[in-house]
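Undergrad: Pasting a structure below so you can have a look.
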2 protein chains.
Amino acid sequence: KVQIENRGGNSYEIYDMNKITESSDPIRNKEEVLILTPIARFYPQYWKNLLELDYPRNLISLGFIVPSSKDGAKVHRELRNAINAVQKGPGDKRFADVKILIQDSDLSSGQSEAERHKFSAQKERRGKLAATRNTLLLSTLKPSTSWVLWLDSDIVETPSTLIQDLAEHNEDVLVANCFQKQGDKLTPYDFNSWVDSQTAQELASHMDRDEILLEGYAELPTYRMLMAKIYEEHKDPSTIMALDGVGTTALLVKASVHRDGALFPTFPFYHLIESEGFAKMAKRLGHGVYGLPYYLVFHHNE
Amino acid sequence: KVQIENRGGNSYEIYDMNKITESSDPIRNKEEVLILTPIARFYPQYWKNLLELDYPRNLISLGFIVPSSKDGAKVHRELRNAINAVQKGPGDKRFADVKILIQDSDLSSGQSEAERHKFSAQKERRGKLAATRNTLLLSTLKPSTSWVLWLDSDIVETPSTLIQDLAEHNEDVLVANCFQKQGDKLTPYDFNSWVDSQTAQELASHMDRDEILLEGYAELPTYRMLMAKIYEEHKDPSTIMALDGVGTTALLVKASVHRDGALFPTFPFYHLIESEGFAKMAKRLGHGVYGLPYYLVFHHNE
Ligand SMILES: Nc1nc2c(ncn2[C@@H]2O[C@H](COP(=O)(O)OP(=O)(O)O)[C@@H](O)[C@H]2O)c(=O)[nH]1
Ligand SMILES: Nc1nc2c(ncn2[C@@H]2O[C@H](COP(=O)(O)OP(=O)(O)O)[C@@H](O)[C@H]2O)c(=O)[nH]1
Ligand SMILES: [Mn+2]
Ligand SMILES: [Mn+2]
């Protein structure tokens, strides 16, 4: 599907996009997966879990973006050590490609106000995070990528078959259900995966163009159906539901959805931003957006 | 600014985005330029003009996307021949990188209806062209790219200093004025670069969410100020004007504008699509959008 010629450092590549499949059997079809993680803190468990993913490493590329702050420099060091250990190891254990970006703006600016203006701080923070995700995506997506897995840096436990489990459903956009674990106790964590409600649409219809709806704020109840609240034990993990908003904790996206132009809005888009705005944009482009209410991944316990 | 290690085909790259400058002196600062062209027809004069650009080739990457039709296959052959002649030639005459993508959908579908539904055909056509541009951009932009030059395949004549002339203004988004030439006679060609009008905004305010405004249709006069109509001879070519819509005939964009998430909307975005929607999105993200009314580039004469 790809022809690459390299003449003394000058490359000339031809890609037939018709042959870049995005199928329910990604391993058999040798589909390339790009795992993207904006990372403000390095959790060894995140890395351990990533290394345990049971998908051919030579088909996996990794992309990270770290803040250009002192904290970011620390994350960068930790990440480099972790990556070096793998990429200097045996050839068949190496990832196809690893890119680290040091971002040119710092998200944390203005976070001192977080306590005073919780809602508005969140709006600014998620807007900047959206731009950070877009920068990461636009700098790492290759013509040959079939799938993009968005995996937040604080996701410390997933099934090792995460990629193929999600891809198997062959949906354009599919998100797992993200919980926290304390011993045996499970607590819903990610409230960005939801089904829209009449109340939320009603609220949005009276809003200024620049206002946004955010989930999980008592001062603005939306009565959306949250995927995190639907989870029950002993249900079929392959059960699928249609969603209107998604989170990025563990989100699989067909690369063609991003290539069509579905990104993370940094500005209010239908009164939504970042990953929730992404779901809206993907739908606006005619793609399907789904979630797996009974398929769990676990967020670091704060 | 970039650290690349390559261990037996497995690469590991670190990019400090703070060091990727986008300056008014791009040659001195060794800034990488990505020239992007969706191409449905190969014009030898386009290629000739491209080769005459007076910017260091080792800093230029080229990206093309061709339709996956019979016509596209012909374009592909012509393009390959042209590229091979350069990339097999002397090392210092080669472009840093050339990518050709064969798109997975064909724009021409539905074009048989063009005569019956001119306006609506245009809406579908430009929507698909937007997705084609997004695919090209998302597959070719590198972390190290400073500037993206959108150059349509039917632009057959530009100043050889096009890149540095546009970059010199150091604007986020800057478009040249596109004309046709017949002997000495100049005719305005690209009507997508404009300043919004009260009439157009009034029209838009009464439209359905899915309707779009297009420039140059007698049945829907917008009274926007068209940059093409402002041109006069013997004026200062470095004169700059603020715009609300832009065309892509010769359009220079800071890579960070795209990285922030400004793409070509395939769906009505503030009742605009494709390059006009891109201008709106760039502005929505806080970027400046400008044009050079007295700086001409020339479109093939149909
Ligand atoms: N590069 C970068 N990543 C960030 C920044 N802030 C958060 N992140 C990452 O973005 C993802 C989501 O952020 P997080 O704080 O976990 O959000 P929450 O769990 O939804 O409250 C995680 O992977 C973070 O590590 C930042 O300033 N820069
Ligand atoms: N890949 C691809 N490019 C196309 C297609 N149709 C047009 N283009 C290119 O898109 C650009 C703009 O199209 P063009 O027909 O010149 O538009 P106009 O001059 O504004 O009417 C040109 O570079 C075309 O070669 C298509 O179906 N596929
Ligand atoms: Mn988190
Ligand atoms: Mn044209």
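All residue names refer to the structure tokens as shown: chains lettered A, B, ... in order, residues numbered from 1 in each chain, ligands numbered from 1 in order.
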Taking only C-alpha atoms into account and nothing else, which residues of chain B lie no more than 8 Å away from chain A? Please answer as a ChimeraX atom specification.
TA: /B:7-18,87-88,91,94-104,131-132,134-143,256,258-261,263-267,284-285
Undergrad: Which neighbours of range 148-165 of chain B fall inside 6 Å, counting only C-alpha atoms, when residues of the same chain fewer than 4 positions from it are skipped, and could you give them as a PyMOL selection string?
TA: chain B and resi 33-37+39+45-46+49+52-54+248-253+255+297-300
Undergrad: Please return the superposed copy of chain B as a CSV table (one decimal) with C-alpha atoms, in the first residue's frame; the fit should be least squares onto chain A across all sequentially paired Cα atoms.
TA:
```csv
chain,number,residue,atom,x,y,z
B,1,LYS,CA,0.0,0.0,0.0
B,2,VAL,CA,3.0,2.3,0.4
B,3,GLN,CA,5.9,2.9,-1.9
B,4,ILE,CA,8.9,4.6,-0.4
B,5,GLU,CA,12.1,5.5,-2.1
B,6,ASN,CA,14.9,7.2,-0.2
B,7,ARG,CA,17.7,8.8,-2.2
B,8,GLY,CA,20.4,10.1,0.1
B,9,GLY,CA,18.0,11.5,2.7
B,10,ASN,CA,15.5,12.8,0.2
B,11,SER,CA,12.4,10.7,0.3
B,12,TYR,CA,9.7,10.2,-2.2
B,13,GLU,CA,6.6,8.4,-1.1
B,14,ILE,CA,3.4,7.3,-2.7
B,15,TYR,CA,0.4,6.3,-0.6
B,16,ASP,CA,-2.8,4.8,-2.0
B,17,MET,CA,-5.3,5.7,0.6
B,18,ASN,CA,-7.7,3.2,-0.8
B,19,LYS,CA,-5.4,0.5,0.5
B,20,ILE,CA,-5.1,1.8,4.1
B,21,THR,CA,-7.8,-0.4,5.7
B,22,GLU,CA,-9.6,0.3,8.9
B,23,SER,CA,-11.1,-3.1,9.6
B,24,SER,CA,-12.4,-5.2,12.4
B,25,ASP,CA,-9.4,-7.5,12.1
B,26,PRO,CA,-6.5,-5.0,12.4
B,27,ILE,CA,-3.8,-7.5,13.3
B,28,ARG,CA,-4.5,-9.7,10.3
B,29,ASN,CA,-4.7,-6.7,8.0
B,30,LYS,CA,-1.4,-5.3,9.5
B,31,GLU,CA,-3.1,-2.0,10.4
B,32,GLU,CA,-0.9,0.7,11.9
B,33,VAL,CA,-2.1,2.2,15.2
B,34,LEU,CA,-1.0,5.6,16.5
B,35,ILE,CA,-1.3,5.9,20.3
B,36,LEU,CA,-1.5,9.5,21.3
B,37,THR,CA,-1.1,10.9,24.9
B,38,PRO,CA,-0.8,14.5,26.0
B,39,ILE,CA,1.1,14.0,29.2
B,40,ALA,CA,1.5,16.3,32.2
B,41,ARG,CA,2.5,13.6,34.6
B,42,PHE,CA,4.3,10.3,34.1
B,43,TYR,CA,2.7,7.3,35.8
B,44,PRO,CA,4.8,4.2,35.7
B,45,GLN,CA,1.6,2.1,35.7
B,46,TYR,CA,0.5,3.8,32.5
B,47,TRP,CA,3.8,2.8,30.8
B,48,LYS,CA,3.6,-0.7,32.2
B,49,ASN,CA,0.1,-1.1,30.9
B,50,LEU,CA,1.1,0.3,27.5
B,51,LEU,CA,3.9,-2.3,27.3
B,52,GLU,CA,1.5,-5.0,28.1
B,53,LEU,CA,-0.7,-4.2,25.1
B,54,ASP,CA,-1.0,-7.3,23.0
B,55,TYR,CA,-0.7,-5.7,19.6
B,56,PRO,CA,2.3,-6.1,17.3
B,57,ARG,CA,4.8,-3.4,18.3
B,58,ASN,CA,6.1,-2.9,14.8
B,59,LEU,CA,2.6,-1.7,13.9
B,60,ILE,CA,2.4,0.8,16.8
B,61,SER,CA,3.6,4.4,16.8
B,62,LEU,CA,3.6,6.5,19.9
B,63,GLY,CA,3.1,10.2,20.1
B,64,PHE,CA,3.5,12.3,23.3
B,65,ILE,CA,3.2,16.0,24.0
B,66,VAL,CA,4.7,17.4,27.2
B,67,PRO,CA,4.2,20.9,28.7
B,68,SER,CA,7.2,23.2,28.3
B,69,SER,CA,7.4,23.8,32.0
B,70,LYS,CA,9.6,22.5,34.8
B,71,ASP,CA,7.1,19.8,35.4
B,72,GLY,CA,7.1,19.0,31.7
B,73,ALA,CA,10.9,18.7,31.7
B,74,LYS,CA,10.6,16.1,34.5
B,75,VAL,CA,7.9,14.2,32.6
B,76,HIS,CA,10.1,14.4,29.5
B,77,ARG,CA,13.1,12.8,31.4
B,78,GLU,CA,10.9,10.0,32.8
B,79,LEU,CA,9.4,9.3,29.4
B,80,ARG,CA,12.8,9.3,27.7
B,81,ASN,CA,14.2,6.8,30.1
B,82,ALA,CA,11.1,4.5,29.6
B,83,ILE,CA,11.3,4.8,25.8
B,84,ASN,CA,15.0,4.3,25.6
B,85,ALA,CA,14.8,1.1,27.6
B,86,VAL,CA,12.4,-0.2,24.9
B,87,GLN,CA,13.8,1.3,21.8
B,88,LYS,CA,17.4,0.2,22.6
B,89,GLY,CA,16.2,-3.3,23.4
B,90,PRO,CA,15.6,-6.2,21.0
B,91,GLY,CA,14.4,-5.1,17.6
B,92,ASP,CA,11.2,-7.1,17.7
B,93,LYS,CA,10.2,-5.4,21.0
B,94,ARG,CA,10.6,-1.9,19.6
B,95,PHE,CA,7.8,0.4,18.6
B,96,ALA,CA,7.7,1.4,14.9
B,97,ASP,CA,8.2,5.1,15.8
B,98,VAL,CA,8.1,7.3,18.8
B,99,LYS,CA,7.7,11.1,18.8
B,100,ILE,CA,7.8,13.4,21.8
B,101,LEU,CA,6.8,17.0,21.3
B,102,ILE,CA,7.5,19.8,23.7
B,103,GLN,CA,4.5,22.1,23.4
B,104,ASP,CA,5.0,25.8,22.8
B,105,SER,CA,2.4,27.0,25.2
B,106,ASP,CA,1.8,26.0,28.8
B,107,LEU,CA,-1.7,24.8,29.8
B,108,SER,CA,-1.2,25.6,33.5
B,109,SER,CA,-1.2,29.4,32.9
B,110,GLY,CA,-4.2,30.8,34.7
B,111,GLN,CA,-4.6,27.7,36.8
B,112,SER,CA,-4.1,29.7,39.9
B,113,GLU,CA,-7.6,31.0,39.4
B,114,ALA,CA,-8.9,27.5,39.4
B,115,GLU,CA,-10.5,27.8,42.8
B,116,ARG,CA,-12.2,31.1,42.1
B,117,HIS,CA,-13.5,30.4,38.6
B,118,LYS,CA,-13.9,26.7,38.5
B,119,PHE,CA,-16.2,26.5,35.6
B,120,SER,CA,-14.5,29.2,33.5
B,121,ALA,CA,-11.0,27.9,34.4
B,122,GLN,CA,-12.2,24.5,33.1
B,123,LYS,CA,-13.4,26.1,29.9
B,124,GLU,CA,-10.0,27.7,29.3
B,125,ARG,CA,-8.1,24.6,30.4
B,126,ARG,CA,-10.1,22.3,28.1
B,127,GLY,CA,-9.8,24.7,25.2
B,128,LYS,CA,-6.0,24.7,25.5
B,129,LEU,CA,-6.0,21.0,25.9
B,130,ALA,CA,-7.9,20.7,22.7
B,131,ALA,CA,-5.2,22.7,20.9
B,132,THR,CA,-2.6,20.5,22.5
B,133,ARG,CA,-4.3,17.4,21.2
B,134,ASN,CA,-4.6,18.9,17.7
B,135,THR,CA,-0.9,19.8,17.6
B,136,LEU,CA,0.0,16.3,18.6
B,137,LEU,CA,-2.3,14.7,16.1
B,138,LEU,CA,-1.3,17.0,13.2
B,139,SER,CA,2.4,16.4,13.9
B,140,THR,CA,2.3,12.6,14.2
B,141,LEU,CA,-0.5,11.2,12.0
B,142,LYS,CA,1.0,9.4,9.0
B,143,PRO,CA,-0.6,8.6,5.6
B,144,SER,CA,-0.3,5.0,6.6
B,145,THR,CA,-2.0,5.2,10.0
B,146,SER,CA,-5.3,3.2,10.2
B,147,TRP,CA,-6.3,3.9,13.8
B,148,VAL,CA,-5.7,6.5,16.4
B,149,LEU,CA,-5.9,5.5,20.0
B,150,TRP,CA,-6.2,8.4,22.4
B,151,LEU,CA,-5.0,7.2,25.8
B,152,ASP,CA,-4.7,9.6,28.7
B,153,SER,CA,-1.6,9.5,30.7
B,154,ASP,CA,-3.4,8.6,33.9
B,155,ILE,CA,-5.0,5.4,32.5
B,156,VAL,CA,-3.2,2.8,34.5
B,157,GLU,CA,-5.1,-0.4,33.7
B,158,THR,CA,-6.8,-1.7,30.5
B,159,PRO,CA,-7.3,-5.1,29.1
B,160,SER,CA,-4.2,-6.1,27.2
B,161,THR,CA,-6.4,-6.6,24.1
B,162,LEU,CA,-7.6,-3.0,24.2
B,163,ILE,CA,-6.8,-2.2,20.6
B,164,GLN,CA,-8.3,-5.2,18.9
B,165,ASP,CA,-11.3,-5.3,21.3
B,166,LEU,CA,-12.2,-1.7,20.3
B,167,ALA,CA,-11.4,-2.2,16.6
B,168,GLU,CA,-13.4,-5.3,16.4
B,169,HIS,CA,-16.6,-3.2,16.5
B,170,ASN,CA,-15.4,-1.4,13.3
B,171,GLU,CA,-16.9,1.9,14.4
B,172,ASP,CA,-15.7,5.3,13.4
B,173,VAL,CA,-15.3,6.5,17.0
B,174,LEU,CA,-15.5,4.2,20.0
B,175,VAL,CA,-14.8,4.9,23.7
B,176,ALA,CA,-14.3,2.6,26.6
B,177,ASN,CA,-15.9,3.3,30.0
B,178,CYS,CA,-13.5,4.8,32.5
B,179,PHE,CA,-13.6,4.0,36.2
B,180,GLN,CA,-11.5,4.3,39.3
B,181,LYS,CA,-10.7,1.3,41.5
B,182,GLN,CA,-10.1,1.3,45.2
B,183,GLY,CA,-9.6,-2.3,46.2
B,184,ASP,CA,-12.8,-3.9,45.0
B,185,LYS,CA,-14.8,-0.7,44.8
B,186,LEU,CA,-15.3,0.8,41.4
B,187,THR,CA,-16.2,4.5,41.0
B,188,PRO,CA,-17.3,6.0,37.7
B,189,TYR,CA,-14.7,8.5,36.5
B,190,ASP,CA,-15.1,9.9,33.0
B,191,PHE,CA,-18.3,11.9,32.6
B,192,ASN,CA,-17.5,13.1,29.1
B,193,SER,CA,-19.1,10.1,27.4
B,194,TRP,CA,-22.8,10.8,27.3
B,195,VAL,CA,-26.1,10.8,25.4
B,196,ASP,CA,-27.6,14.2,24.9
B,197,SER,CA,-30.7,15.2,26.8
B,198,GLN,CA,-33.7,17.5,26.1
B,199,THR,CA,-32.6,19.7,29.0
B,200,ALA,CA,-29.0,20.1,27.7
B,201,GLN,CA,-30.3,21.0,24.2
B,202,GLU,CA,-32.8,23.4,25.7
B,203,LEU,CA,-30.0,25.0,27.8
B,204,ALA,CA,-27.8,25.3,24.7
B,205,SER,CA,-30.5,26.9,22.6
B,206,HIS,CA,-30.6,29.9,25.0
B,207,MET,CA,-26.8,30.3,25.2
B,208,ASP,CA,-24.6,32.9,23.7
B,209,ARG,CA,-22.4,31.6,20.8
B,210,ASP,CA,-19.4,31.6,23.1
B,211,GLU,CA,-20.9,29.8,26.1
B,212,ILE,CA,-20.3,26.1,26.7
B,213,LEU,CA,-22.0,23.3,28.5
B,214,LEU,CA,-19.8,21.1,30.7
B,215,GLU,CA,-20.7,17.9,32.3
B,216,GLY,CA,-20.5,17.3,36.1
B,217,TYR,CA,-21.2,20.8,37.4
B,218,ALA,CA,-23.9,21.1,40.0
B,219,GLU,CA,-24.6,24.6,39.0
B,220,LEU,CA,-25.6,23.5,35.5
B,221,PRO,CA,-27.4,20.2,35.5
B,222,THR,CA,-27.8,18.8,32.1
B,223,TYR,CA,-29.6,15.5,32.8
B,224,ARG,CA,-27.6,13.8,30.0
B,225,MET,CA,-27.4,10.1,30.2
B,226,LEU,CA,-23.8,9.4,31.3
B,227,MET,CA,-22.2,6.2,30.1
B,228,ALA,CA,-20.3,5.9,33.4
B,229,LYS,CA,-23.6,5.6,35.3
B,230,ILE,CA,-24.9,2.8,33.1
B,231,TYR,CA,-22.2,0.3,34.0
B,232,GLU,CA,-23.2,-2.9,35.8
B,233,GLU,CA,-21.2,-5.9,36.7
B,234,HIS,CA,-21.4,-9.2,34.7
B,235,LYS,CA,-22.8,-7.7,31.6
B,236,ASP,CA,-21.5,-8.4,28.1
B,237,PRO,CA,-18.5,-6.1,27.5
B,238,SER,CA,-19.1,-6.0,23.8
B,239,THR,CA,-22.4,-4.2,24.3
B,240,ILE,CA,-22.4,-1.0,22.3
B,241,MET,CA,-24.3,2.3,22.7
B,242,ALA,CA,-24.6,5.4,20.5
B,243,LEU,CA,-23.1,8.5,22.2
B,244,ASP,CA,-23.2,12.3,21.6
B,245,GLY,CA,-20.2,13.2,23.7
B,246,VAL,CA,-17.0,11.2,24.3
B,247,GLY,CA,-14.0,11.4,26.7
B,248,THR,CA,-10.4,10.6,25.6
B,249,THR,CA,-9.4,8.3,28.4
B,250,ALA,CA,-9.3,5.4,26.0
B,251,LEU,CA,-10.8,6.4,22.7
B,252,LEU,CA,-10.3,4.6,19.3
B,253,VAL,CA,-10.8,6.7,16.2
B,254,LYS,CA,-10.5,5.6,12.6
B,255,ALA,CA,-7.7,7.8,11.1
B,256,SER,CA,-10.0,8.7,8.2
B,257,VAL,CA,-12.3,10.5,10.7
B,258,HIS,CA,-9.5,12.8,11.7
B,259,ARG,CA,-8.3,13.1,8.1
B,260,ASP,CA,-11.8,14.3,7.1
B,261,GLY,CA,-11.3,17.2,9.5
B,262,ALA,CA,-12.7,16.1,12.8
B,263,LEU,CA,-10.5,17.6,15.4
B,264,PHE,CA,-10.8,18.9,19.0
B,265,PRO,CA,-12.6,22.3,18.9
B,266,THR,CA,-10.7,24.8,21.0
B,267,PHE,CA,-13.6,27.2,20.7
B,268,PRO,CA,-17.3,26.5,21.5
B,269,PHE,CA,-18.7,24.3,18.7
B,270,TYR,CA,-22.4,23.8,19.2
B,271,HIS,CA,-21.6,24.9,22.8
B,272,LEU,CA,-19.1,22.0,23.2
B,273,ILE,CA,-15.3,21.9,23.4
B,274,GLU,CA,-12.4,19.4,23.3
B,275,SER,CA,-13.4,15.8,23.2
B,276,GLU,CA,-17.1,16.5,23.6
B,277,GLY,CA,-16.9,18.9,20.6
B,278,PHE,CA,-14.9,16.3,18.7
B,279,ALA,CA,-17.8,13.8,19.0
B,280,LYS,CA,-20.1,16.5,17.7
B,281,MET,CA,-17.8,17.3,14.8
B,282,ALA,CA,-17.3,13.7,13.9
B,283,LYS,CA,-21.1,13.3,13.8
B,284,ARG,CA,-21.5,16.5,11.8
B,285,LEU,CA,-19.1,14.9,9.3
B,286,GLY,CA,-21.4,11.9,9.1
B,287,HIS,CA,-19.4,9.5,11.3
B,288,GLY,CA,-20.8,7.2,14.0
B,289,VAL,CA,-19.9,7.8,17.6
B,290,TYR,CA,-20.3,4.9,20.1
B,291,GLY,CA,-19.3,3.7,23.6
B,292,LEU,CA,-18.8,0.4,25.4
B,293,PRO,CA,-20.6,0.8,28.7
B,294,TYR,CA,-19.5,-2.5,30.1
B,295,TYR,CA,-15.9,-2.5,28.9
B,296,LEU,CA,-13.8,-0.8,31.6
B,297,VAL,CA,-10.5,0.9,31.7
B,298,PHE,CA,-9.1,2.4,34.9
B,299,HIS,CA,-8.0,5.9,35.8
B,300,HIS,CA,-5.3,6.5,38.4
B,301,ASN,CA,-6.7,7.0,41.8
B,302,GLU,CA,-6.2,10.6,43.0
```
Undergrad: Name the residues of range 56-235 of chain A that come out as strand (DSSP E) in a backbone DSSP run; write them as an MDAnalysis selection string.
TA: chainID A and resid 60:66 97:102 145:151 155:157 173:182 185:188 194:195 225:226
Undergrad: Please extract the residues of range 65-185 of chain B with a backbone DSSP assignment of alpha helix (DSSP H) and present them as a ChimeraX atom specification.
TA: /B:70-87,118-140,162-167
